[in-house]
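Source file: query-v4.csv; contents: CSV, C-alpha atoms.
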chain,number,residue,atom,x,y,z
A,1,MET,CA,-11.8,21.3,-1.4
A,2,ALA,CA,-14.4,19.9,-3.7
A,3,THR,CA,-16.0,16.6,-2.7
A,4,GLY,CA,-16.9,13.6,-4.8
A,5,ARG,CA,-20.6,14.1,-4.3
A,6,THR,CA,-20.9,17.1,-6.6
A,7,HIS,CA,-18.1,16.6,-9.1
A,8,ARG,CA,-17.8,13.7,-11.5
A,9,PRO,CA,-14.9,12.9,-13.8
A,10,ALA,CA,-15.4,14.2,-17.3
A,11,THR,CA,-14.1,11.2,-19.2
A,12,ARG,CA,-17.5,9.9,-20.4
A,13,SER,CA,-18.8,13.2,-21.5
A,14,ARG,CA,-15.7,13.7,-23.6
A,15,GLY,CA,-16.1,10.4,-25.3
A,16,ILE,CA,-12.9,8.7,-24.1
A,17,PRO,CA,-13.2,4.9,-24.6
A,18,GLU,CA,-13.4,2.7,-21.6
A,19,ALA,CA,-10.3,0.8,-22.7
A,20,THR,CA,-8.3,4.1,-22.7
A,21,VAL,CA,-9.7,5.1,-19.3
A,22,ALA,CA,-8.5,1.7,-17.9
A,23,ARG,CA,-5.0,2.5,-19.2
A,24,LEU,CA,-4.8,6.0,-17.8
A,25,PRO,CA,-3.9,4.9,-14.2
A,26,LEU,CA,-1.0,2.8,-15.8
A,27,TYR,CA,0.3,5.9,-17.5
A,28,LEU,CA,-0.1,8.0,-14.3
A,29,ARG,CA,1.8,5.5,-12.2
A,30,ALA,CA,4.7,5.5,-14.7
A,31,LEU,CA,4.7,9.3,-14.9
A,32,THR,CA,4.6,9.7,-11.2
A,33,ALA,CA,7.7,7.5,-10.9
A,34,LEU,CA,9.4,9.7,-13.5
A,35,SER,CA,8.3,12.9,-11.7
A,36,GLU,CA,9.7,11.6,-8.4
A,37,ARG,CA,13.1,11.2,-10.2
A,38,SER,CA,12.8,14.8,-11.5
A,39,VAL,CA,12.7,13.6,-15.2
A,40,PRO,CA,11.3,16.6,-17.2
A,41,THR,CA,10.3,14.9,-20.4
A,42,VAL,CA,9.7,11.4,-21.7
A,43,SER,CA,9.2,9.9,-25.2
A,44,SER,CA,6.2,7.9,-26.1
A,45,GLU,CA,8.3,4.8,-26.5
A,46,GLU,CA,9.9,5.2,-23.1
A,47,LEU,CA,6.6,5.9,-21.4
A,48,ALA,CA,4.8,3.0,-23.2
A,49,ALA,CA,7.6,0.6,-22.1
A,50,ALA,CA,7.3,1.8,-18.5
A,51,ALA,CA,3.5,1.4,-18.6
A,52,GLY,CA,3.6,-2.0,-20.4
A,53,VAL,CA,1.7,-0.9,-23.5
A,54,ASN,CA,2.2,-0.4,-27.2
A,55,SER,CA,3.6,3.1,-28.0
A,56,ALA,CA,1.1,3.6,-30.9
A,57,LYS,CA,-1.7,2.8,-28.5
A,58,LEU,CA,-0.3,5.3,-26.0
A,59,ARG,CA,-0.2,8.0,-28.6
A,60,LYS,CA,-3.8,7.2,-29.6
A,61,ASP,CA,-4.9,7.3,-25.9
A,62,PHE,CA,-3.2,10.7,-25.3
A,63,SER,CA,-4.9,12.1,-28.4
A,64,TYR,CA,-8.2,11.7,-26.6
A,65,LEU,CA,-6.7,14.0,-23.9
A,66,GLY,CA,-5.6,16.6,-26.5
A,67,SER,CA,-1.9,15.8,-25.7
A,68,TYR,CA,0.3,15.1,-28.7
A,69,GLY,CA,3.8,15.8,-27.3
A,70,THR,CA,6.6,17.7,-29.0
A,71,ARG,CA,8.5,16.1,-31.9
A,72,GLY,CA,12.1,15.4,-30.8
A,73,VAL,CA,11.3,16.2,-27.2
A,74,GLY,CA,8.4,14.0,-26.1
A,75,TYR,CA,5.9,14.7,-23.4
A,76,ASP,CA,6.2,17.1,-20.5
A,77,VAL,CA,6.0,14.8,-17.4
A,78,GLU,CA,4.6,17.2,-14.9
A,79,TYR,CA,1.9,18.4,-17.3
A,80,LEU,CA,0.8,14.9,-18.2
A,81,VAL,CA,0.6,14.0,-14.5
A,82,TYR,CA,-1.7,16.9,-14.0
A,83,GLN,CA,-3.7,16.3,-17.1
A,84,ILE,CA,-4.3,12.6,-16.4
A,85,SER,CA,-5.0,13.3,-12.7
A,86,ARG,CA,-7.6,15.9,-13.7
A,87,GLU,CA,-9.2,13.5,-16.3
A,88,LEU,CA,-9.5,10.8,-13.7
A,89,GLY,CA,-10.9,13.2,-11.1
A,90,LEU,CA,-7.9,12.9,-8.8
A,91,THR,CA,-7.5,16.7,-8.4
A,92,GLN,CA,-10.4,16.7,-6.0
A,93,ASP,CA,-11.2,15.0,-2.7
A,94,TRP,CA,-13.1,11.6,-3.0
A,95,PRO,CA,-14.3,10.4,0.4
A,96,VAL,CA,-14.5,6.6,0.5
A,97,VAL,CA,-16.1,4.2,3.0
A,98,ILE,CA,-14.8,0.7,3.5
A,99,VAL,CA,-17.5,-1.8,4.7
A,100,GLY,CA,-16.2,-5.1,6.2
A,101,ILE,CA,-13.2,-4.6,8.4
A,102,GLY,CA,-11.8,-8.1,8.5
A,103,ASN,CA,-8.3,-9.0,7.5
A,104,LEU,CA,-8.8,-7.6,3.9
A,105,GLY,CA,-10.7,-4.6,5.0
A,106,ALA,CA,-8.1,-3.7,7.6
A,107,ALA,CA,-5.3,-4.1,5.0
A,108,LEU,CA,-7.2,-1.8,2.6
A,109,ALA,CA,-7.6,0.7,5.4
A,110,ASN,CA,-3.8,0.6,6.1
A,111,TYR,CA,-3.0,1.1,2.4
A,112,GLY,CA,-1.1,4.4,2.1
A,113,GLY,CA,-1.8,4.8,-1.6
A,114,PHE,CA,-5.4,6.0,-1.2
A,115,ALA,CA,-4.5,9.4,0.2
A,116,SER,CA,-1.7,10.1,-2.3
A,117,ARG,CA,-4.1,9.5,-5.2
A,118,GLY,CA,-7.0,11.6,-4.1
A,119,PHE,CA,-9.0,9.2,-2.0
A,120,ARG,CA,-9.8,9.9,1.6
A,121,VAL,CA,-11.0,7.0,3.8
A,122,ALA,CA,-13.9,8.8,5.5
A,123,ALA,CA,-15.1,5.8,7.5
A,124,LEU,CA,-14.6,2.2,8.3
A,125,ILE,CA,-17.8,0.2,8.9
A,126,ASP,CA,-18.4,-3.3,10.2
A,127,ALA,CA,-21.5,-5.3,11.4
A,128,ASP,CA,-19.7,-6.8,14.4
A,129,PRO,CA,-20.6,-4.8,17.5
A,130,ALA,CA,-17.2,-5.9,19.0
A,131,MET,CA,-15.4,-3.9,16.3
A,132,ALA,CA,-17.2,-0.6,17.1
A,133,GLY,CA,-14.8,2.0,18.3
A,134,ARG,CA,-11.7,-0.1,17.6
A,135,PRO,CA,-9.1,2.0,15.7
A,136,VAL,CA,-7.8,0.6,12.4
A,137,ALA,CA,-5.2,2.7,10.6
A,138,GLY,CA,-6.0,5.4,13.1
A,139,ILE,CA,-9.7,5.5,12.2
A,140,PRO,CA,-12.3,4.2,14.7
A,141,VAL,CA,-14.6,1.5,13.2
A,142,GLN,CA,-18.2,2.4,13.2
A,143,HIS,CA,-21.2,0.0,13.3
A,144,ALA,CA,-23.1,-0.9,10.2
A,145,ASP,CA,-26.3,0.6,11.7
A,146,GLU,CA,-24.8,4.0,11.1
A,147,LEU,CA,-24.0,3.4,7.4
A,148,GLU,CA,-26.6,5.7,5.9
A,149,LYS,CA,-25.8,8.6,8.2
A,150,ILE,CA,-22.1,8.2,7.6
A,151,ILE,CA,-22.6,8.4,3.9
A,152,ARG,CA,-24.8,11.4,4.1
A,153,ASP,CA,-22.6,13.3,6.6
A,154,ASN,CA,-19.4,12.7,4.6
A,155,GLY,CA,-20.8,13.1,1.1
A,156,VAL,CA,-19.6,9.7,0.1
A,157,SER,CA,-20.1,8.5,-3.5
A,158,ILE,CA,-17.6,5.7,-3.5
A,159,GLY,CA,-17.9,2.6,-1.4
A,160,VAL,CA,-15.6,-0.4,-1.0
A,161,ILE,CA,-17.1,-3.7,-0.1
A,162,SER,CA,-14.8,-6.3,1.6
A,163,THR,CA,-17.4,-8.3,3.4
A,164,PRO,CA,-18.0,-12.1,3.1
A,165,ALA,CA,-19.9,-13.0,-0.1
A,166,GLY,CA,-23.2,-13.7,1.7
A,167,ALA,CA,-23.4,-10.1,3.0
A,168,ALA,CA,-22.1,-8.2,0.0
A,169,GLN,CA,-25.4,-7.7,-1.9
A,170,GLN,CA,-27.3,-6.4,1.1
A,171,VAL,CA,-24.4,-4.0,1.8
A,172,CYS,CA,-24.4,-3.0,-1.8
A,173,ASP,CA,-28.2,-2.3,-1.7
A,174,ARG,CA,-27.8,-0.1,1.3
A,175,LEU,CA,-24.9,1.8,-0.2
A,176,VAL,CA,-26.8,2.5,-3.4
A,177,ALA,CA,-30.0,3.5,-1.5
A,178,ALA,CA,-27.9,5.9,0.6
A,179,GLY,CA,-26.6,7.6,-2.6
A,180,VAL,CA,-23.3,5.7,-3.4
A,181,THR,CA,-22.9,5.6,-7.2
A,182,SER,CA,-19.5,3.8,-7.5
A,183,ILE,CA,-18.5,0.5,-5.8
A,184,LEU,CA,-15.3,-1.4,-5.6
A,185,ASN,CA,-16.2,-4.9,-4.8
A,186,PHE,CA,-13.7,-7.3,-3.1
A,187,ALA,CA,-16.3,-9.8,-2.1
A,188,PRO,CA,-16.2,-13.1,-4.1
A,189,THR,CA,-19.7,-12.6,-5.7
A,190,VAL,CA,-21.4,-10.7,-8.5
A,191,LEU,CA,-23.4,-7.7,-7.4
A,192,SER,CA,-26.6,-6.5,-8.9
A,193,VAL,CA,-26.9,-2.8,-9.2
A,194,PRO,CA,-29.3,-0.4,-10.9
A,195,ASP,CA,-28.4,1.7,-14.0
A,196,GLY,CA,-26.1,4.6,-13.1
A,197,VAL,CA,-24.1,2.7,-10.5
A,198,ASP,CA,-20.6,1.6,-11.5
A,199,VAL,CA,-19.1,-1.6,-10.0
A,200,ARG,CA,-15.5,-2.6,-10.3
A,201,LYS,CA,-14.8,-6.2,-9.1
A,202,VAL,CA,-11.5,-7.3,-7.7
A,203,ASP,CA,-11.3,-11.1,-7.2
A,204,LEU,CA,-7.8,-12.3,-6.2
A,205,SER,CA,-8.8,-16.0,-6.6
A,206,ILE,CA,-9.8,-15.5,-10.2
A,207,GLU,CA,-6.5,-13.8,-11.0
A,208,LEU,CA,-4.7,-16.7,-9.4
A,209,GLN,CA,-6.8,-19.2,-11.4
A,210,ILE,CA,-5.8,-17.4,-14.6
A,211,LEU,CA,-2.2,-17.6,-13.6
A,212,ALA,CA,-2.6,-21.3,-12.9
A,213,PHE,CA,-4.1,-21.8,-16.4
A,214,HIS,CA,-1.0,-20.1,-17.9
A,215,GLU,CA,1.3,-22.2,-15.7
A,216,GLN,CA,-0.5,-25.4,-16.8
A,217,ARG,CA,-0.3,-24.4,-20.4
A,218,LYS,CA,3.4,-23.7,-20.2
A,219,ALA,CA,4.0,-27.0,-18.5
A,220,GLY,CA,2.0,-28.8,-21.2
A,221,GLU,CA,4.0,-27.1,-24.0
A,222,GLU,CA,7.3,-28.1,-22.4
A,223,ALA,CA,6.0,-31.7,-22.1
A,224,VAL,CA,5.0,-31.7,-25.8
A,225,ALA,CA,8.4,-30.3,-26.7
A,226,GLU,CA,10.2,-33.0,-24.8
A,227,ARG,CA,8.1,-35.8,-26.4
A,228,ALA,CA,9.0,-34.3,-29.8
A,229,LEU,CA,12.8,-34.8,-29.3
A,230,PRO,CA,14.2,-38.1,-30.8
A,231,PRO,CA,15.3,-40.7,-28.2
A,232,ALA,CA,19.0,-40.6,-27.5
A,233,ALA,CA,19.5,-44.1,-28.8
A,234,ALA,CA,18.0,-43.1,-32.1
A,235,VAL,CA,20.5,-40.2,-32.6
A,236,ARG,CA,23.2,-41.5,-34.9
A,237,ASP,CA,26.7,-40.8,-33.9
A,238,LYS,CA,28.0,-39.3,-37.1
A,239,SER,CA,31.6,-39.4,-35.9
A,240,ALA,CA,31.6,-43.2,-36.2
A,241,ASP,CA,31.1,-42.9,-40.0
A,242,GLN,CA,33.8,-40.3,-40.5
A,243,GLY,CA,37.4,-40.9,-41.4
A,244,PRO,CA,40.4,-39.4,-39.8
A,245,ASP,CA,39.7,-36.0,-41.5
A,246,GLY,CA,36.1,-36.1,-40.5
A,247,ASP,CA,34.9,-35.7,-44.1
A,248,VAL,CA,34.7,-39.1,-45.7
A,249,PRO,CA,33.9,-42.6,-44.3
A,250,ALA,CA,36.8,-44.5,-42.9
A,251,VAL,CA,35.7,-47.6,-44.9
A,252,MET,CA,34.5,-47.0,-48.4
A,253,PRO,CA,31.9,-49.4,-49.8
A,254,ALA,CA,33.2,-51.9,-52.4
Target format structure tokens, applied to this file:
Amino acid sequence: MATGRTHRPATRSRGIPEATVARLPLYLRALTALSERSVPTVSSEELAAAAGVNSAKLRKDFSYLGSYGTRGVGYDVEYLVYQISRELGLTQDWPVVIVGIGNLGAALANYGGFASRGFRVAALIDADPAMAGRPVAGIPVQHADELEKIIRDNGVSIGVISTPAGAAQQVCDRLVAAGVTSILNFAPTVLSVPDGVDVRKVDLSIELQILAFHEQRKAGEEAVAERALPPAAAVRDKSADQGPDGDVPAVMPA
């Protein structure tokens, strides 16, 4: 099986926009769910709804892959799964190292979705000597002193950083120096990397802060709406001015 050291995804060379690349995993997740239910074909509208995107945007994204579907039939689910997987580089083996095996690192190591999506956790690395040799998710933790050798021996090009913020940049520098060219950063800090190294940052606290902003805005809109309603005492009881038939005043003015 090919390794991630010698094979790179073809998306950039084929000129696929980064925004489209970011949506491909969403399509793949929706398609995989359809495949598991043995659904043979899917329309652009159905797939777009499952992926949470606009159907016109989906069709545009797929045009970059050379996939246009069949009028009246839709897209072949299995072929699209293969096509997107190939475009994302998931039809080959990508050895990954996780550095920092605290609570988050251990949770990542135990995540079963890596292997099913083409990522093999080749090693778990931690700076704490007490962690060395301890199995996590069936993989013995190795000491950080061995980082460069581990990367070289396993042909690793993707590293995951789940260390405290203060240690992240040093770990990043060592990964890059050892030949890692793609980094997934869970540490709450911004990493500085040279050209040619890709970094994707995952910051759960930032996502929660964004959700808090939306919650606050919704609460503010509800408060404004409530203030806009007239007081109950100011609402005139129209029934008091209506006659027995409800159409004319009971007492006509002189």
Rounded to one decimal, what separation in Å do you get between atom CA of Phe119 of chain A and atom CA of Gln92 of chain A?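 Distance between the two atoms: 8.6 Å.
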So how many Å separate atom CA of Gly112 of chain A and atom CA of Asp198 of chain A, to one decimal?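 Atom-to-atom, atom CA of Gly112 of chain A and atom CA of Asp198 of chain A are spaced 23.9 Å apart.
The spacing separating atom CA of Phe186 of chain A from atom CA of Ile84 of chain A amounts to 25.7 Å.
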Near Val199 of chain A, within 7 Å and counting all atoms listed in the file, which residues show up once chain neighbours fewer than 4 positions away are dropped, as a VMD selection string? chain A and resid 182 to 185
Kindly save the residues from that selection, with C-alpha atoms included, as an mmCIF file, in the frame of the given file.
data_model
loop_
_atom_site.group_PDB
_atom_site.id
_atom_site.type_symbol
_atom_site.label_atom_id
_atom_site.label_comp_id
_atom_site.auth_asym_id
_atom_site.auth_seq_id
_atom_site.Cartn_x
_atom_site.Cartn_y
_atom_site.Cartn_z
ATOM 1 C CA SER A 182 -19.500 3.800 -7.500
ATOM 2 C CA ILE A 183 -18.500 0.500 -5.800
ATOM 3 C CA LEU A 184 -15.300 -1.400 -5.600
ATOM 4 C CA ASN A 185 -16.200 -4.900 -4.800
#
Residues within 8 Å of Glu78 of chain A, please, as a list in words. Count only C-alpha atoms; anything in the same chain fewer than 4 positions from it doesn't count. Leu31, Ser35, Pro40 and Tyr82 of chain A
Test item: residues at most 8 Å from Met131 of chain A, only C-alpha atoms, excluding those fewer than 3 positions along its chain, as JSON, numbers by chain: {"A": [126, 127, 128, 134, 141, 142, 143]}
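The shortest atom-to-atom distance to Thr163 of chain A, with only C-alpha atoms taken into account, belongs to A:Leu104 out of A:Leu28, A:Leu104, A:Leu229, A:Ala22.
The residue that comes closest to Leu90 of chain A, out of A:Leu24, A:Ala51, A:Leu208, A:Ile150 and on the basis of only C-alpha atoms, is A:Leu24.
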I'd like to know which of A:Leu26, A:Ala107, A:Leu88, A:Ala212 is closest to Gly52 of chain A, using only C-alpha atoms. A:Leu26
